[in-house]
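Before any comments, here is the structure.
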Amino acid sequence: MGVTIRPARLADRERILAISSQIWEGDDYVPHVIDEWLRMRDSEVAVADLNGSVIAFARTVSLAPGYVWIEGIRTDTASQGHGAGKALTDYFIEKAVREGAQRIGLSTYLDNLASIHIVERYGFERKASFILAEAKLDGAARSAAELSPLVSAVPFDEAKAWILGSAATAMSCGFLAQGWKFWPVTRPGVVSWPPFDRAIGVRSSKGSLRSLLVVCHPDHGEGEVTIDFADGSPKHLEALVRHMLALYPGVRNIQTMVPAGNGIHTALLETVTALEFDVWRHGEPDVFVYERAVERQR
Ligand SMILES: CC(C)(COP(=O)(O)OP(=O)(O)OC[C@H]1O[C@@H](n2cnc3c(N)ncnc32)[C@H](O)[C@@H]1OP(=O)(O)O)[C@@H](O)C(=O)NCCC(=O)NCCS
């Protein structure tokens, strides 16, 4: 019998963890989130079964009415290439059709060729590209932490309005990263924001907001934060990133996705490079957001 897909049960938890432990040398985020995934509403974990054993899993969550996000797709290394990844993708597209969603999104990494192959085969299109940068607890960037008198807290509503009008949001095609999840913040009718932890900015002497940085907690890691948005002048960006590093001294990892594409990127790349964040792939766009309309004929 071939691969069959069904919703995960609590009894699948151990098998899911066993599969996850094989991925990225056990550094997968799934163990941190699986209990919440299995509990949450507006979310489904599905498993692929081959001859009575679970060989793969993935999850969808609704980021907004009509907007579905797929994440966490993993196949047991011994069972890759048997069609589980495709079957899970197909299952979630069918589910989105049934539930009347308008769009499905997901993100993947540059060298994840099997994943890119599958999503392109299922009609997903690359909509936005980003450059991943990180400041680990023992990384050089953390010594740049410094509170700045120029920086102050920004009310979230003001921050959101500023983000919508910013050049960085135009370059990210309207997606705001929260870790590996990308929220469509500018779609007419389907606008959805990640939960902000902090918004900080630099204002002009007359009080208008000149530069802004927003921080969230990714839902996959305690002790991690993400810079989900940063835009402004190079001098302000440096002050904002240093200030932010000082506000989160003990966190294990600080991650950001710098909007990029067509050979250009936002000024945040120069800032995080100068502050010695780890920039993967030397600044080449390496994280991609794919999207697919649900009503599309297959
Ligand atoms: C991505 C992943 C889930 C795919 O699962 P899978 O069960 O092996 O997928 P399938 O068997 O359904 O399909 C694999 C497809 O990728 C293709 N493929 C595999 N390796 C490839 C490569 N290096 N380059 C291009 N295509 C590749 C296969 O040919 C197949 O496509 P085809 O049927 O059209 O020939 C699996 O590789 C995995 O768990 N990877 C580690 C976790 C991960 O990276 N998850 C994605 C995070 S974004």
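Order determines the names: the first chain of the structure tokens is A, the second B, and so forth; residues in each chain are numbered 1 upward, and ligands are numbered 1 upward as they are shown.
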* To do: Would you mind listing what lies within 7 Å of segment 154-168 of chain A as a list in words, with only C-alpha atoms counted and same-chain residues fewer than 2 positions away left out?
  =>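 Once the adjacent positions are removed, what remains is Ser152, Ala170, Met171, Ser172, Thr186, Ala199, Ile200, Gly201, Asp231, Pro259 and Thr266 of chain A.
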* May I ask you to write as a VMD selection string all residues lying at most 7 Å from ligand 1, with only C-alpha atoms and all ligand atoms counted? => chain A and resid 23 56 71 to 77 79 to 87 107 to 109 112 to 115 117 to 118
* To do: May I have the residues within 9 Å of segment 90-95 of chain A as a list of chain:residue names, using only C-alpha atoms and disregarding those fewer than 4 positions away in the same chain?
  =>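 So the residues in contact are A:Ile5, A:Arg6, A:Ala46, A:Arg59, A:Thr60, A:Ile70, A:Gly85, A:Lys86, A:Glu99, A:Gly100, A:Ala101, A:Ile104, A:Tyr122, A:Val294.
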Could you dump the residues just selected with C-alpha atoms as a compact mmCIF listing (two decimals), in the first residue's frame?
```
# COMPACT_ATOMS: atom_id res chain seq x y z
CA ILE A 5 -2.23 10.88 5.26
CA ARG A 6 -4.31 11.41 8.38
CA ALA A 46 -0.89 15.56 9.80
CA ARG A 59 1.60 21.17 10.17
CA THR A 60 -0.71 23.90 8.91
CA ILE A 70 2.47 25.17 6.11
CA GLY A 85 6.41 15.00 1.39
CA LYS A 86 4.30 15.30 -1.76
CA GLU A 99 -12.05 25.10 3.98
CA GLY A 100 -12.35 27.92 1.45
CA ALA A 101 -8.92 29.47 2.09
CA ILE A 104 -1.25 29.07 1.23
CA TYR A 122 2.58 21.89 -6.58
CA VAL A 294 -6.00 28.02 -3.42
```
* To do: Once DSSP has gone over the backbone, tell me which residues of segment 79-149 of chain A are in alpha helix (DSSP H), as a PyMOL selection string.
  => chain A and resi 84-98+113-121
* Which residue gives the smallest distance to Ser204 of chain A among A:Val151, A:Met40, A:Ile131, A:Val54, with only C-alpha atoms counted? ->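 Of A:Val151, A:Met40, A:Ile131, A:Val54, the one nearest Ser204 of chain A, counting only C-alpha atoms, is A:Val151.
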Counting only C-alpha atoms, which residues of segment 80-160 of chain A sit at most 9 Å from some atom of segment 245-256 of chain A, and what is each one's closest atom pair with its distance in Å to one decimal, listed by chain and rising residue number, as a tab-separated table?
```
residue	atom	partner	partner_atom	distance
A:Ile131	CA	A:Thr256	CA	8.1
A:Leu132	CA	A:Thr256	CA	6.0
A:Ala133	CA	A:Thr256	CA	5.3
A:Glu134	CA	A:Gln255	CA	4.4
A:Ala135	CA	A:Ile254	CA	5.0
A:Lys136	CA	A:Asn253	CA	4.5
A:Leu137	CA	A:Arg252	CA	5.0
A:Asp138	CA	A:Arg252	CA	8.5
A:Ala141	CA	A:Leu245	CA	8.4
A:Arg142	CA	A:Leu245	CA	6.5
A:Ser143	CA	A:Leu245	CA	8.6
A:Ala144	CA	A:Leu245	CA	7.4
A:Ala145	CA	A:Ala246	CA	4.5
A:Glu146	CA	A:Ala246	CA	5.3
A:Leu147	CA	A:Ala246	CA	5.9
```
* Out of A:Phe130, A:Trp193, A:Ala153, A:Val68, which residue has the shortest atom-to-atom distance to Val279 of chain A when counting only C-alpha atoms? ->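 Between A:Phe130, A:Trp193, A:Ala153, A:Val68, the residue approaching Val279 of chain A most closely is A:Phe130.
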* **All residues 12 Å or closer to Lys181 of chain A, only C-alpha atoms, same chain fewer than 5 positions away omitted, as number ranges by chain** => A: 60-63, 68-72, 105-108, 175-176, 192-195, 216-220, 226, 228, 256-257, 287-290
* To do: Please identify which residues in segment 161-272 of chain A DSSP calls strand (DSSP E) from the backbone, and express them as a PyMOL selection string.
  => chain A and resi 175-178+181-184+198-203+209-216+224-231+253-261+264-265
Go ahead and dump the residues you just picked, C-alpha atoms, as a tab-separated table (two decimals), in the first residue's frame.
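Once written, result.tsv looks like this:
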```tsv
chain	number	residue	atom	x	y	z
A	175	PHE	CA	5.78	39.83	4.50
A	176	LEU	CA	6.97	40.30	8.07
A	177	ALA	CA	9.15	37.50	9.39
A	178	GLN	CA	8.65	35.96	12.80
A	181	LYS	CA	7.00	32.14	9.68
A	182	PHE	CA	6.17	35.06	7.38
A	183	TRP	CA	3.03	37.07	8.02
A	184	PRO	CA	1.23	38.80	5.14
A	198	ARG	CA	8.73	45.35	21.56
A	199	ALA	CA	8.85	48.21	19.07
A	200	ILE	CA	11.64	50.75	19.46
A	201	GLY	CA	12.44	53.76	17.33
A	202	VAL	CA	14.36	56.96	16.80
A	203	ARG	CA	12.40	60.19	16.41
A	209	LEU	CA	9.32	58.55	13.75
A	210	ARG	CA	12.44	58.27	11.59
A	211	SER	CA	13.58	54.69	12.15
A	212	LEU	CA	11.96	51.61	13.66
A	213	LEU	CA	12.88	48.13	14.89
A	214	VAL	CA	10.37	45.49	15.99
A	215	VAL	CA	11.11	42.38	18.05
A	216	CYS	CA	9.00	39.23	18.42
A	224	GLU	CA	15.00	33.19	21.25
A	225	VAL	CA	13.96	36.50	19.74
A	226	THR	CA	13.67	37.73	16.21
A	227	ILE	CA	14.13	41.19	14.73
A	228	ASP	CA	11.06	41.13	12.52
A	229	PHE	CA	11.39	44.55	11.09
A	230	ALA	CA	14.09	47.22	10.98
A	231	ASP	CA	14.24	50.19	8.66
A	253	ASN	CA	19.69	33.33	19.71
A	254	ILE	CA	18.69	36.58	18.02
A	255	GLN	CA	17.67	36.05	14.43
A	256	THR	CA	16.63	38.30	11.61
A	257	MET	CA	15.55	37.88	8.00
A	258	VAL	CA	16.80	40.80	5.89
A	259	PRO	CA	14.49	41.54	2.92
A	260	ALA	CA	16.38	41.06	-0.34
A	261	GLY	CA	15.87	40.38	-4.00
A	264	ILE	CA	19.42	44.60	-3.63
A	265	HIS	CA	18.64	44.38	0.08
```
* Asked: Residues at most 8 Å from Val45 of chain A, counting only C-alpha atoms, excluding those fewer than 6 positions away in the same chain, as a count of residues only?
  -> 8
